[in-house]
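Here is query_23.cif, consisting of mmCIF, N, CA and C atoms:
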data_upload
loop_
_atom_site.label_atom_id
_atom_site.label_comp_id
_atom_site.auth_asym_id
_atom_site.auth_seq_id
_atom_site.Cartn_x
_atom_site.Cartn_y
_atom_site.Cartn_z
N MET A 1 52.14 -1.51 33.98
CA MET A 1 51.80 -1.64 35.39
C MET A 1 50.76 -0.60 35.78
N ARG A 2 50.88 0.62 35.27
CA ARG A 2 49.94 1.67 35.61
C ARG A 2 48.53 1.27 35.19
N PHE A 3 48.39 0.66 34.01
CA PHE A 3 47.09 0.23 33.53
C PHE A 3 46.48 -0.80 34.48
N SER A 4 47.29 -1.72 34.95
CA SER A 4 46.79 -2.78 35.83
C SER A 4 46.28 -2.22 37.15
N VAL A 5 47.01 -1.29 37.76
CA VAL A 5 46.58 -0.70 39.03
C VAL A 5 45.30 0.09 38.84
N THR A 6 45.24 0.88 37.76
CA THR A 6 44.04 1.67 37.47
C THR A 6 42.85 0.76 37.19
N ALA A 7 43.07 -0.29 36.41
CA ALA A 7 41.99 -1.22 36.09
C ALA A 7 41.49 -1.92 37.35
N LEU A 8 42.42 -2.36 38.20
CA LEU A 8 42.02 -3.03 39.45
C LEU A 8 41.26 -2.08 40.37
N ALA A 9 41.70 -0.83 40.45
CA ALA A 9 41.00 0.15 41.28
C ALA A 9 39.59 0.38 40.75
N GLY A 10 39.46 0.48 39.44
CA GLY A 10 38.14 0.67 38.85
C GLY A 10 37.22 -0.50 39.10
N LEU A 11 37.76 -1.70 38.96
CA LEU A 11 36.95 -2.89 39.23
C LEU A 11 36.53 -2.96 40.70
N ALA A 12 37.45 -2.61 41.58
CA ALA A 12 37.13 -2.62 43.01
C ALA A 12 36.02 -1.64 43.32
N LEU A 13 36.08 -0.43 42.76
CA LEU A 13 35.03 0.56 42.99
C LEU A 13 33.69 0.09 42.43
N ALA A 14 33.71 -0.50 41.25
CA ALA A 14 32.46 -1.00 40.65
C ALA A 14 31.87 -2.11 41.50
N PHE A 15 32.74 -2.99 42.00
CA PHE A 15 32.28 -4.09 42.85
C PHE A 15 31.65 -3.56 44.12
N LEU A 16 32.32 -2.60 44.77
CA LEU A 16 31.78 -2.04 46.02
C LEU A 16 30.47 -1.30 45.78
N ALA A 17 30.37 -0.58 44.70
CA ALA A 17 29.14 0.16 44.40
C ALA A 17 27.98 -0.79 44.16
N GLY A 18 28.26 -1.94 43.55
CA GLY A 18 27.21 -2.89 43.25
C GLY A 18 26.86 -3.78 44.43
N CYS A 19 27.64 -3.78 45.48
CA CYS A 19 27.42 -4.69 46.61
C CYS A 19 26.96 -3.95 47.86
N GLY A 20 26.33 -2.84 47.70
CA GLY A 20 25.88 -2.08 48.84
C GLY A 20 24.73 -2.74 49.56
N GLY A 21 24.09 -3.71 48.91
CA GLY A 21 22.98 -4.40 49.54
C GLY A 21 21.72 -3.55 49.51
N GLU A 22 20.69 -4.13 50.03
CA GLU A 22 19.40 -3.44 50.11
C GLU A 22 19.46 -2.35 51.16
N PRO A 23 18.72 -1.27 50.96
CA PRO A 23 18.67 -0.24 52.01
C PRO A 23 17.96 -0.79 53.24
N ALA A 24 18.28 -0.21 54.37
CA ALA A 24 17.63 -0.64 55.62
C ALA A 24 16.13 -0.38 55.54
N PRO A 25 15.33 -1.26 56.15
CA PRO A 25 13.89 -1.03 56.19
C PRO A 25 13.58 0.25 56.96
N PRO A 26 12.42 0.84 56.73
CA PRO A 26 12.07 2.05 57.49
C PRO A 26 11.90 1.73 58.97
N ILE A 27 12.17 2.73 59.79
CA ILE A 27 11.97 2.58 61.23
C ILE A 27 10.57 3.08 61.56
N VAL A 28 9.80 2.22 62.21
CA VAL A 28 8.40 2.53 62.53
C VAL A 28 8.19 2.40 64.04
N PRO A 29 7.20 3.09 64.60
CA PRO A 29 6.97 3.02 66.05
C PRO A 29 6.78 1.59 66.54
N ALA A 30 7.36 1.28 67.70
CA ALA A 30 7.22 -0.05 68.30
C ALA A 30 7.29 0.11 69.82
N ARG A 31 6.23 -0.32 70.47
CA ARG A 31 6.15 -0.26 71.93
C ARG A 31 5.26 -1.40 72.39
N GLY A 32 5.17 -1.56 73.69
CA GLY A 32 4.31 -2.61 74.22
C GLY A 32 4.44 -2.76 75.71
N VAL A 33 3.98 -3.90 76.21
CA VAL A 33 4.04 -4.24 77.62
C VAL A 33 4.63 -5.64 77.73
N VAL A 34 5.54 -5.81 78.71
CA VAL A 34 6.12 -7.12 78.97
C VAL A 34 5.51 -7.65 80.26
N MET A 35 4.94 -8.85 80.17
CA MET A 35 4.34 -9.51 81.32
C MET A 35 5.05 -10.84 81.53
N LEU A 36 5.29 -11.18 82.81
CA LEU A 36 5.87 -12.48 83.16
C LEU A 36 4.94 -13.12 84.17
N ASN A 37 4.41 -14.28 83.79
CA ASN A 37 3.44 -15.00 84.63
C ASN A 37 2.28 -14.12 85.04
N GLY A 38 1.80 -13.30 84.11
CA GLY A 38 0.62 -12.47 84.34
C GLY A 38 0.87 -11.16 85.06
N ASN A 39 2.12 -10.86 85.40
CA ASN A 39 2.45 -9.61 86.10
C ASN A 39 3.43 -8.79 85.27
N PRO A 40 3.36 -7.46 85.40
CA PRO A 40 4.29 -6.60 84.66
C PRO A 40 5.74 -6.91 85.02
N LEU A 41 6.63 -6.80 84.05
CA LEU A 41 8.05 -7.05 84.27
C LEU A 41 8.80 -5.72 84.19
N PRO A 42 9.12 -5.11 85.34
CA PRO A 42 9.83 -3.83 85.34
C PRO A 42 11.33 -4.00 85.15
N ASN A 43 11.98 -2.93 84.70
CA ASN A 43 13.44 -2.86 84.59
C ASN A 43 14.04 -4.00 83.77
N ALA A 44 13.39 -4.34 82.66
CA ALA A 44 13.92 -5.36 81.76
C ALA A 44 14.32 -4.69 80.44
N LYS A 45 15.34 -5.22 79.81
CA LYS A 45 15.80 -4.70 78.52
C LYS A 45 15.13 -5.49 77.41
N VAL A 46 14.56 -4.76 76.44
CA VAL A 46 13.89 -5.36 75.29
C VAL A 46 14.70 -4.99 74.05
N ARG A 47 15.04 -6.00 73.25
CA ARG A 47 15.80 -5.76 72.02
C ARG A 47 15.02 -6.32 70.84
N PHE A 48 14.87 -5.50 69.80
CA PHE A 48 14.28 -5.94 68.53
C PHE A 48 15.46 -6.11 67.57
N ILE A 49 15.75 -7.35 67.19
CA ILE A 49 16.88 -7.66 66.33
C ILE A 49 16.36 -7.94 64.92
N PRO A 50 16.55 -6.98 64.00
CA PRO A 50 16.00 -7.16 62.65
C PRO A 50 16.76 -8.25 61.90
N GLN A 51 16.04 -9.01 61.13
CA GLN A 51 16.65 -10.09 60.34
C GLN A 51 16.95 -9.58 58.93
N VAL A 52 17.82 -8.57 58.88
CA VAL A 52 18.27 -7.96 57.64
C VAL A 52 19.79 -7.86 57.67
N ASP A 53 20.40 -7.50 56.56
CA ASP A 53 21.85 -7.49 56.44
C ASP A 53 22.52 -6.22 56.96
N GLN A 54 21.81 -5.28 57.51
CA GLN A 54 22.40 -4.00 57.89
C GLN A 54 23.26 -4.06 59.16
N GLY A 55 23.16 -5.11 59.93
CA GLY A 55 24.04 -5.27 61.07
C GLY A 55 23.47 -4.77 62.38
N ALA A 56 24.35 -4.80 63.38
CA ALA A 56 23.96 -4.50 64.75
C ALA A 56 23.50 -3.06 64.95
N GLY A 57 23.86 -2.17 64.05
CA GLY A 57 23.46 -0.77 64.18
C GLY A 57 21.96 -0.56 64.09
N TYR A 58 21.23 -1.57 63.63
CA TYR A 58 19.78 -1.44 63.49
C TYR A 58 19.01 -2.22 64.55
N ILE A 59 19.68 -2.68 65.59
CA ILE A 59 18.98 -3.32 66.71
C ILE A 59 18.31 -2.21 67.51
N ALA A 60 17.01 -2.36 67.74
CA ALA A 60 16.25 -1.38 68.52
C ALA A 60 16.23 -1.85 69.97
N VAL A 61 16.43 -0.91 70.90
CA VAL A 61 16.54 -1.25 72.31
C VAL A 61 15.64 -0.34 73.15
N GLY A 62 15.05 -0.92 74.18
CA GLY A 62 14.25 -0.15 75.14
C GLY A 62 14.30 -0.84 76.49
N GLU A 63 13.77 -0.17 77.49
CA GLU A 63 13.73 -0.75 78.84
C GLU A 63 12.32 -0.54 79.41
N THR A 64 11.85 -1.56 80.12
CA THR A 64 10.51 -1.47 80.68
C THR A 64 10.49 -0.58 81.91
N ASP A 65 9.35 0.08 82.11
CA ASP A 65 9.17 0.91 83.31
C ASP A 65 8.55 0.05 84.41
N SER A 66 8.10 0.68 85.48
CA SER A 66 7.56 -0.05 86.63
C SER A 66 6.28 -0.82 86.29
N GLU A 67 5.61 -0.46 85.20
CA GLU A 67 4.39 -1.15 84.78
C GLU A 67 4.64 -2.13 83.63
N GLY A 68 5.91 -2.35 83.30
CA GLY A 68 6.25 -3.27 82.22
C GLY A 68 6.15 -2.67 80.83
N LYS A 69 5.87 -1.38 80.73
CA LYS A 69 5.74 -0.73 79.43
C LYS A 69 7.12 -0.38 78.88
N TYR A 70 7.26 -0.53 77.56
CA TYR A 70 8.52 -0.19 76.91
C TYR A 70 8.26 0.51 75.57
N GLU A 71 9.29 1.16 75.09
CA GLU A 71 9.30 1.76 73.75
C GLU A 71 10.75 1.62 73.27
N VAL A 72 10.96 1.06 72.08
CA VAL A 72 12.32 0.86 71.60
C VAL A 72 12.77 2.02 70.71
N LYS A 73 14.10 2.17 70.62
CA LYS A 73 14.71 3.19 69.77
C LYS A 73 15.77 2.53 68.90
N CYS A 74 15.88 3.05 67.68
CA CYS A 74 16.82 2.54 66.70
C CYS A 74 17.39 3.70 65.91
N GLN A 75 18.70 3.76 65.77
CA GLN A 75 19.33 4.81 64.99
C GLN A 75 18.89 6.21 65.44
N GLY A 76 18.69 6.38 66.74
CA GLY A 76 18.30 7.68 67.29
C GLY A 76 16.83 8.02 67.09
N GLN A 77 16.05 7.10 66.53
CA GLN A 77 14.62 7.32 66.30
C GLN A 77 13.81 6.37 67.18
N THR A 78 12.63 6.80 67.55
CA THR A 78 11.73 5.93 68.28
C THR A 78 11.16 4.91 67.32
N GLY A 79 11.37 3.64 67.61
CA GLY A 79 10.82 2.59 66.76
C GLY A 79 11.83 1.51 66.44
N ALA A 80 11.42 0.62 65.54
CA ALA A 80 12.23 -0.52 65.10
C ALA A 80 12.10 -0.67 63.60
N CYS A 81 12.99 -1.43 63.00
CA CYS A 81 12.94 -1.68 61.56
C CYS A 81 11.68 -2.47 61.21
N ALA A 82 11.02 -2.06 60.15
CA ALA A 82 9.83 -2.76 59.68
C ALA A 82 10.29 -3.98 58.88
N CYS A 83 10.36 -5.14 59.56
CA CYS A 83 10.81 -6.37 58.92
C CYS A 83 10.63 -7.54 59.90
N GLU A 84 11.06 -8.72 59.46
CA GLU A 84 11.07 -9.87 60.36
C GLU A 84 12.06 -9.58 61.48
N THR A 85 11.66 -9.85 62.71
CA THR A 85 12.44 -9.45 63.88
C THR A 85 12.43 -10.53 64.95
N ILE A 86 13.57 -10.68 65.60
CA ILE A 86 13.66 -11.54 66.79
C ILE A 86 13.70 -10.59 67.99
N VAL A 87 12.88 -10.88 69.01
CA VAL A 87 12.80 -10.01 70.18
C VAL A 87 13.34 -10.77 71.39
N THR A 88 14.25 -10.11 72.12
CA THR A 88 14.77 -10.71 73.36
C THR A 88 14.38 -9.83 74.55
N VAL A 89 14.28 -10.47 75.71
CA VAL A 89 13.98 -9.78 76.97
C VAL A 89 14.97 -10.29 78.00
N SER A 90 15.69 -9.37 78.63
CA SER A 90 16.70 -9.75 79.63
C SER A 90 16.73 -8.69 80.73
N GLU A 91 17.61 -8.90 81.70
CA GLU A 91 17.74 -7.93 82.78
C GLU A 91 18.16 -6.57 82.22
N GLY A 92 17.60 -5.51 82.79
CA GLY A 92 17.96 -4.16 82.37
C GLY A 92 19.32 -3.75 82.90
N ASP A 93 19.78 -2.61 82.45
CA ASP A 93 21.07 -2.08 82.90
C ASP A 93 20.98 -1.71 84.37
N LEU A 94 22.07 -1.88 85.07
CA LEU A 94 22.14 -1.47 86.47
C LEU A 94 22.36 0.03 86.55
N PRO A 95 21.78 0.68 87.53
CA PRO A 95 22.03 2.12 87.71
C PRO A 95 23.53 2.38 87.93
N GLU A 96 24.03 3.44 87.34
CA GLU A 96 25.46 3.79 87.41
C GLU A 96 25.97 3.87 88.84
N ASP A 97 25.17 4.43 89.73
CA ASP A 97 25.65 4.63 91.10
C ASP A 97 25.77 3.32 91.90
N LEU A 98 25.35 2.20 91.30
CA LEU A 98 25.45 0.91 91.98
C LEU A 98 26.57 0.03 91.43
N LEU A 99 27.40 0.57 90.57
CA LEU A 99 28.42 -0.25 89.91
C LEU A 99 29.75 -0.32 90.66
N GLY A 100 30.03 0.57 91.55
CA GLY A 100 31.30 0.56 92.26
C GLY A 100 31.33 -0.45 93.40
N GLU A 101 32.55 -0.78 93.83
CA GLU A 101 32.71 -1.74 94.93
C GLU A 101 32.09 -1.23 96.22
N SER A 102 32.11 0.07 96.41
CA SER A 102 31.55 0.63 97.65
C SER A 102 30.03 0.58 97.69
N ALA A 103 29.41 0.20 96.58
CA ALA A 103 27.95 0.17 96.51
C ALA A 103 27.39 -1.25 96.54
N GLN A 104 28.18 -2.21 96.97
CA GLN A 104 27.73 -3.61 96.94
C GLN A 104 26.47 -3.86 97.77
N ARG A 105 26.38 -3.22 98.91
CA ARG A 105 25.20 -3.41 99.77
C ARG A 105 23.96 -2.82 99.08
N GLN A 106 24.10 -1.62 98.49
CA GLN A 106 22.98 -0.98 97.79
C GLN A 106 22.59 -1.79 96.55
N LEU A 107 23.59 -2.35 95.86
CA LEU A 107 23.31 -3.19 94.70
C LEU A 107 22.51 -4.42 95.11
N ALA A 108 22.89 -5.06 96.18
CA ALA A 108 22.16 -6.24 96.65
C ALA A 108 20.71 -5.88 96.99
N ALA A 109 20.50 -4.73 97.63
CA ALA A 109 19.14 -4.28 97.96
C ALA A 109 18.34 -3.99 96.70
N TYR A 110 18.99 -3.36 95.71
CA TYR A 110 18.32 -3.06 94.44
C TYR A 110 17.87 -4.35 93.75
N LEU A 111 18.77 -5.31 93.66
CA LEU A 111 18.45 -6.58 92.99
C LEU A 111 17.34 -7.33 93.72
N LYS A 112 17.36 -7.29 95.04
CA LYS A 112 16.33 -7.96 95.83
C LYS A 112 14.96 -7.30 95.63
N ALA A 113 14.97 -5.98 95.41
CA ALA A 113 13.72 -5.24 95.25
C ALA A 113 13.10 -5.37 93.86
N LEU A 114 13.86 -5.87 92.89
CA LEU A 114 13.29 -6.04 91.54
C LEU A 114 12.13 -7.02 91.61
N LYS A 115 11.04 -6.63 91.00
CA LYS A 115 9.83 -7.45 91.06
C LYS A 115 9.78 -8.44 89.90
N ASN A 116 9.11 -9.54 90.17
CA ASN A 116 8.80 -10.54 89.16
C ASN A 116 10.07 -11.14 88.56
N ARG A 117 10.95 -11.63 89.41
CA ARG A 117 12.20 -12.21 88.97
C ARG A 117 12.28 -13.66 89.40
N PRO A 118 13.11 -14.46 88.82
CA PRO A 118 14.06 -14.16 87.75
C PRO A 118 13.40 -14.22 86.38
N ILE A 119 14.04 -13.56 85.41
CA ILE A 119 13.61 -13.64 84.01
C ILE A 119 14.23 -14.92 83.44
N PRO A 120 13.42 -15.82 82.88
CA PRO A 120 14.00 -17.04 82.30
C PRO A 120 15.02 -16.69 81.21
N ARG A 121 16.17 -17.34 81.28
CA ARG A 121 17.28 -17.04 80.36
C ARG A 121 16.93 -17.23 78.89
N SER A 122 16.03 -18.13 78.60
CA SER A 122 15.71 -18.40 77.19
C SER A 122 15.20 -17.16 76.46
N TYR A 123 14.55 -16.25 77.17
CA TYR A 123 14.03 -15.04 76.53
C TYR A 123 15.14 -14.04 76.19
N GLY A 124 16.29 -14.17 76.80
CA GLY A 124 17.38 -13.23 76.56
C GLY A 124 18.30 -13.62 75.42
N SER A 125 18.08 -14.76 74.81
CA SER A 125 18.95 -15.24 73.73
C SER A 125 18.22 -15.20 72.39
N PRO A 126 18.86 -14.64 71.35
CA PRO A 126 18.24 -14.65 70.03
C PRO A 126 18.02 -16.07 69.50
N VAL A 127 18.77 -17.02 70.01
CA VAL A 127 18.64 -18.41 69.55
C VAL A 127 17.43 -19.10 70.18
N SER A 128 17.15 -18.81 71.46
CA SER A 128 16.10 -19.56 72.15
C SER A 128 14.82 -18.78 72.41
N THR A 129 14.80 -17.47 72.18
CA THR A 129 13.58 -16.71 72.42
C THR A 129 12.45 -17.19 71.50
N PRO A 130 11.24 -17.26 72.00
CA PRO A 130 10.12 -17.64 71.15
C PRO A 130 9.55 -16.46 70.35
N PHE A 131 10.06 -15.25 70.60
CA PHE A 131 9.48 -14.06 70.00
C PHE A 131 10.10 -13.76 68.64
N HIS A 132 9.43 -14.25 67.61
CA HIS A 132 9.78 -13.95 66.22
C HIS A 132 8.56 -13.23 65.65
N ILE A 133 8.70 -11.94 65.42
CA ILE A 133 7.55 -11.14 65.00
C ILE A 133 7.88 -10.39 63.71
N THR A 134 6.85 -9.91 63.07
CA THR A 134 7.02 -9.03 61.91
C THR A 134 6.59 -7.64 62.34
N VAL A 135 7.55 -6.73 62.36
CA VAL A 135 7.24 -5.34 62.68
C VAL A 135 6.72 -4.71 61.39
N THR A 136 5.55 -4.07 61.48
CA THR A 136 4.95 -3.48 60.29
C THR A 136 4.48 -2.05 60.56
N LYS A 137 4.48 -1.28 59.50
CA LYS A 137 3.97 0.08 59.59
C LYS A 137 2.48 0.02 59.90
N GLY A 138 2.04 0.86 60.82
CA GLY A 138 0.62 0.89 61.18
C GLY A 138 0.30 0.06 62.41
N VAL A 139 1.22 -0.83 62.81
CA VAL A 139 1.05 -1.60 64.04
C VAL A 139 2.14 -1.13 64.99
N GLU A 140 1.75 -0.55 66.12
CA GLU A 140 2.74 -0.01 67.05
C GLU A 140 2.88 -0.83 68.32
N GLN A 141 1.89 -1.62 68.67
CA GLN A 141 1.85 -2.33 69.96
C GLN A 141 2.32 -3.76 69.79
N TYR A 142 3.38 -4.13 70.51
CA TYR A 142 3.93 -5.49 70.49
C TYR A 142 4.08 -5.94 71.94
N ASP A 143 3.00 -6.51 72.48
CA ASP A 143 3.02 -7.00 73.86
C ASP A 143 3.72 -8.36 73.91
N LEU A 144 4.50 -8.57 74.96
CA LEU A 144 5.29 -9.78 75.11
C LEU A 144 4.87 -10.48 76.39
N VAL A 145 4.43 -11.73 76.27
CA VAL A 145 3.98 -12.50 77.42
C VAL A 145 4.98 -13.63 77.67
N LEU A 146 5.68 -13.53 78.80
CA LEU A 146 6.68 -14.52 79.18
C LEU A 146 6.10 -15.45 80.24
N LYS A 147 6.64 -16.69 80.28
CA LYS A 147 6.21 -17.65 81.29
C LYS A 147 7.43 -18.32 81.89
N ARG A 148 7.31 -18.68 83.16
CA ARG A 148 8.37 -19.46 83.82
C ARG A 148 8.08 -20.91 83.67
#

In structure tokens, write the structure found in this file.
Amino acid sequence: MRFSVTALAGLALAFLAGCGGEPAPPIVPARGVVMLNGNPLPNAKVRFIPQVDQGAGYIAVGETDSEGKYEVKCQGQTGACACETIVTVSEGDLPEDLLGESAQRQLAAYLKALKNRPIPRSYGSPVSTPFHITVTKGVEQYDLVLKR
């Protein structure tokens, strides 16, 4: 019995060591401008979803500023994985001070003040977004043009 447990443990370790998969692609700078119908899209969340096996930990995320400019971060670094990528654009995070029940009036005013809305839902889904890009070293600018 001892031989069987030891042999199984050894096989399991060998299997795990051999199945680590490919290393994650390097993270390279990625930024750009998001435009909707020819105008900057402020306060939108941009996600670069790499088409690799490393999982959700390598999704790069950023948010647009008042001019529609964004820069994504991945694994604590500025940039995205250098690989085939699906890009989504959706509503940005709400400010913390607007999340409570007592802030409903302020939240309504904030949402009304957001410019260039609504963002078409298709851009927020990895299944329906038209943005399939290849992030590459040496190319940092990835402008996104959305249409209603």

Residues of chain A classed as helix (DSSP H, G or I) by DSSP on the backbone are to be reported as a compact mmCIF listing (two decimals) with N, CA and C atoms, keeping the file's coordinate frame.
# COMPACT_ATOMS: atom_id res chain seq x y z
N ARG A 2 50.88 0.62 35.27
CA ARG A 2 49.94 1.67 35.61
C ARG A 2 48.53 1.27 35.19
N PHE A 3 48.39 0.66 34.01
CA PHE A 3 47.09 0.23 33.53
C PHE A 3 46.48 -0.80 34.48
N SER A 4 47.29 -1.72 34.95
CA SER A 4 46.79 -2.78 35.83
C SER A 4 46.28 -2.22 37.15
N VAL A 5 47.01 -1.29 37.76
CA VAL A 5 46.58 -0.70 39.03
C VAL A 5 45.30 0.09 38.84
N THR A 6 45.24 0.88 37.76
CA THR A 6 44.04 1.67 37.47
C THR A 6 42.85 0.76 37.19
N ALA A 7 43.07 -0.29 36.41
CA ALA A 7 41.99 -1.22 36.09
C ALA A 7 41.49 -1.92 37.35
N LEU A 8 42.42 -2.36 38.20
CA LEU A 8 42.02 -3.03 39.45
C LEU A 8 41.26 -2.08 40.37
N ALA A 9 41.70 -0.83 40.45
CA ALA A 9 41.00 0.15 41.28
C ALA A 9 39.59 0.38 40.75
N GLY A 10 39.46 0.48 39.44
CA GLY A 10 38.14 0.67 38.85
C GLY A 10 37.22 -0.50 39.10
N LEU A 11 37.76 -1.70 38.96
CA LEU A 11 36.95 -2.89 39.23
C LEU A 11 36.53 -2.96 40.70
N ALA A 12 37.45 -2.61 41.58
CA ALA A 12 37.13 -2.62 43.01
C ALA A 12 36.02 -1.64 43.32
N LEU A 13 36.08 -0.43 42.76
CA LEU A 13 35.03 0.56 42.99
C LEU A 13 33.69 0.09 42.43
N ALA A 14 33.71 -0.50 41.25
CA ALA A 14 32.46 -1.00 40.65
C ALA A 14 31.87 -2.11 41.50
N PHE A 15 32.74 -2.99 42.00
CA PHE A 15 32.28 -4.09 42.85
C PHE A 15 31.65 -3.56 44.12
N LEU A 16 32.32 -2.60 44.77
CA LEU A 16 31.78 -2.04 46.02
C LEU A 16 30.47 -1.30 45.78
N ALA A 17 30.37 -0.58 44.70
CA ALA A 17 29.14 0.16 44.40
C ALA A 17 27.98 -0.79 44.16
N GLY A 18 28.26 -1.94 43.55
CA GLY A 18 27.21 -2.89 43.25
C GLY A 18 26.86 -3.78 44.43
N ALA A 56 24.35 -4.80 63.38
CA ALA A 56 23.96 -4.50 64.75
C ALA A 56 23.50 -3.06 64.95
N GLY A 57 23.86 -2.17 64.05
CA GLY A 57 23.46 -0.77 64.18
C GLY A 57 21.96 -0.56 64.09
N TYR A 58 21.23 -1.57 63.63
CA TYR A 58 19.78 -1.44 63.49
C TYR A 58 19.01 -2.22 64.55
N GLU A 96 24.03 3.44 87.34
CA GLU A 96 25.46 3.79 87.41
C GLU A 96 25.97 3.87 88.84
N ASP A 97 25.17 4.43 89.73
CA ASP A 97 25.65 4.63 91.10
C ASP A 97 25.77 3.32 91.90
N LEU A 98 25.35 2.20 91.30
CA LEU A 98 25.45 0.91 91.98
C LEU A 98 26.57 0.03 91.43
N GLU A 101 32.55 -0.78 93.83
CA GLU A 101 32.71 -1.74 94.93
C GLU A 101 32.09 -1.23 96.22
N SER A 102 32.11 0.07 96.41
CA SER A 102 31.55 0.63 97.65
C SER A 102 30.03 0.58 97.69
N ALA A 103 29.41 0.20 96.58
CA ALA A 103 27.95 0.17 96.51
C ALA A 103 27.39 -1.25 96.54
N GLN A 104 28.18 -2.21 96.97
CA GLN A 104 27.73 -3.61 96.94
C GLN A 104 26.47 -3.86 97.77
N ARG A 105 26.38 -3.22 98.91
CA ARG A 105 25.20 -3.41 99.77
C ARG A 105 23.96 -2.82 99.08
N GLN A 106 24.10 -1.62 98.49
CA GLN A 106 22.98 -0.98 97.79
C GLN A 106 22.59 -1.79 96.55
N LEU A 107 23.59 -2.35 95.86
CA LEU A 107 23.31 -3.19 94.70
C LEU A 107 22.51 -4.42 95.11
N ALA A 108 22.89 -5.06 96.18
CA ALA A 108 22.16 -6.24 96.65
C ALA A 108 20.71 -5.88 96.99
N ALA A 109 20.50 -4.73 97.63
CA ALA A 109 19.14 -4.28 97.96
C ALA A 109 18.34 -3.99 96.70
N TYR A 110 18.99 -3.36 95.71
CA TYR A 110 18.32 -3.06 94.44
C TYR A 110 17.87 -4.35 93.75
N LEU A 111 18.77 -5.31 93.66
CA LEU A 111 18.45 -6.58 92.99
C LEU A 111 17.34 -7.33 93.72
N LYS A 112 17.36 -7.29 95.04
CA LYS A 112 16.33 -7.96 95.83
C LYS A 112 14.96 -7.30 95.63
N ALA A 113 14.97 -5.98 95.41
CA ALA A 113 13.72 -5.24 95.25
C ALA A 113 13.10 -5.37 93.86
N ARG A 121 16.17 -17.34 81.28
CA ARG A 121 17.28 -17.04 80.36
C ARG A 121 16.93 -17.23 78.89
N SER A 122 16.03 -18.13 78.60
CA SER A 122 15.71 -18.40 77.19
C SER A 122 15.20 -17.16 76.46
N TYR A 123 14.55 -16.25 77.17
CA TYR A 123 14.03 -15.04 76.53
C TYR A 123 15.14 -14.04 76.19
N GLY A 124 16.29 -14.17 76.80
CA GLY A 124 17.38 -13.23 76.56
C GLY A 124 18.30 -13.62 75.42

Would you write out, as an MDAnalysis selection string, every residue that the PyMOL selection byres ((chain A and resi 67) around 6) captures in this file?
chainID A and resid 40:42 64:66 68:69

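Each of A:Gly62, A:Val52, A:Met35, A:Gly57 was checked against Gly92 of chain A using all atoms listed in the file; the smallest atom-to-atom distance is that of A:Gly62.
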
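Here the question is which of A:Ile27, A:Leu98, A:Gln141, A:Gly32 gets nearest to Thr78 of chain A using only C-alpha atoms, and that residue is A:Ile27.
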
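Within segment 13-64 of chain A, residues classed as strand (DSSP E) by DSSP on backbone coordinates are Ile27, Val28, Arg31, Gly32, Val33, Val34, Met35, Leu36, Asn39, Pro40, Ala44, Lys45, Val46, Arg47, Phe48, Ile49, Pro50, Ala60, Val61, Gly62 and Glu63 of chain A.
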
Pull out every residue that the PyMOL selection byres ((chain A and resi 133) around 8) matches in the shown coordinates and put them as a list in words.
Cys83, Glu84, Thr85, Ile86, Val87, Pro130, Phe131, His132, Thr134, Val135 and Thr136 of chain A
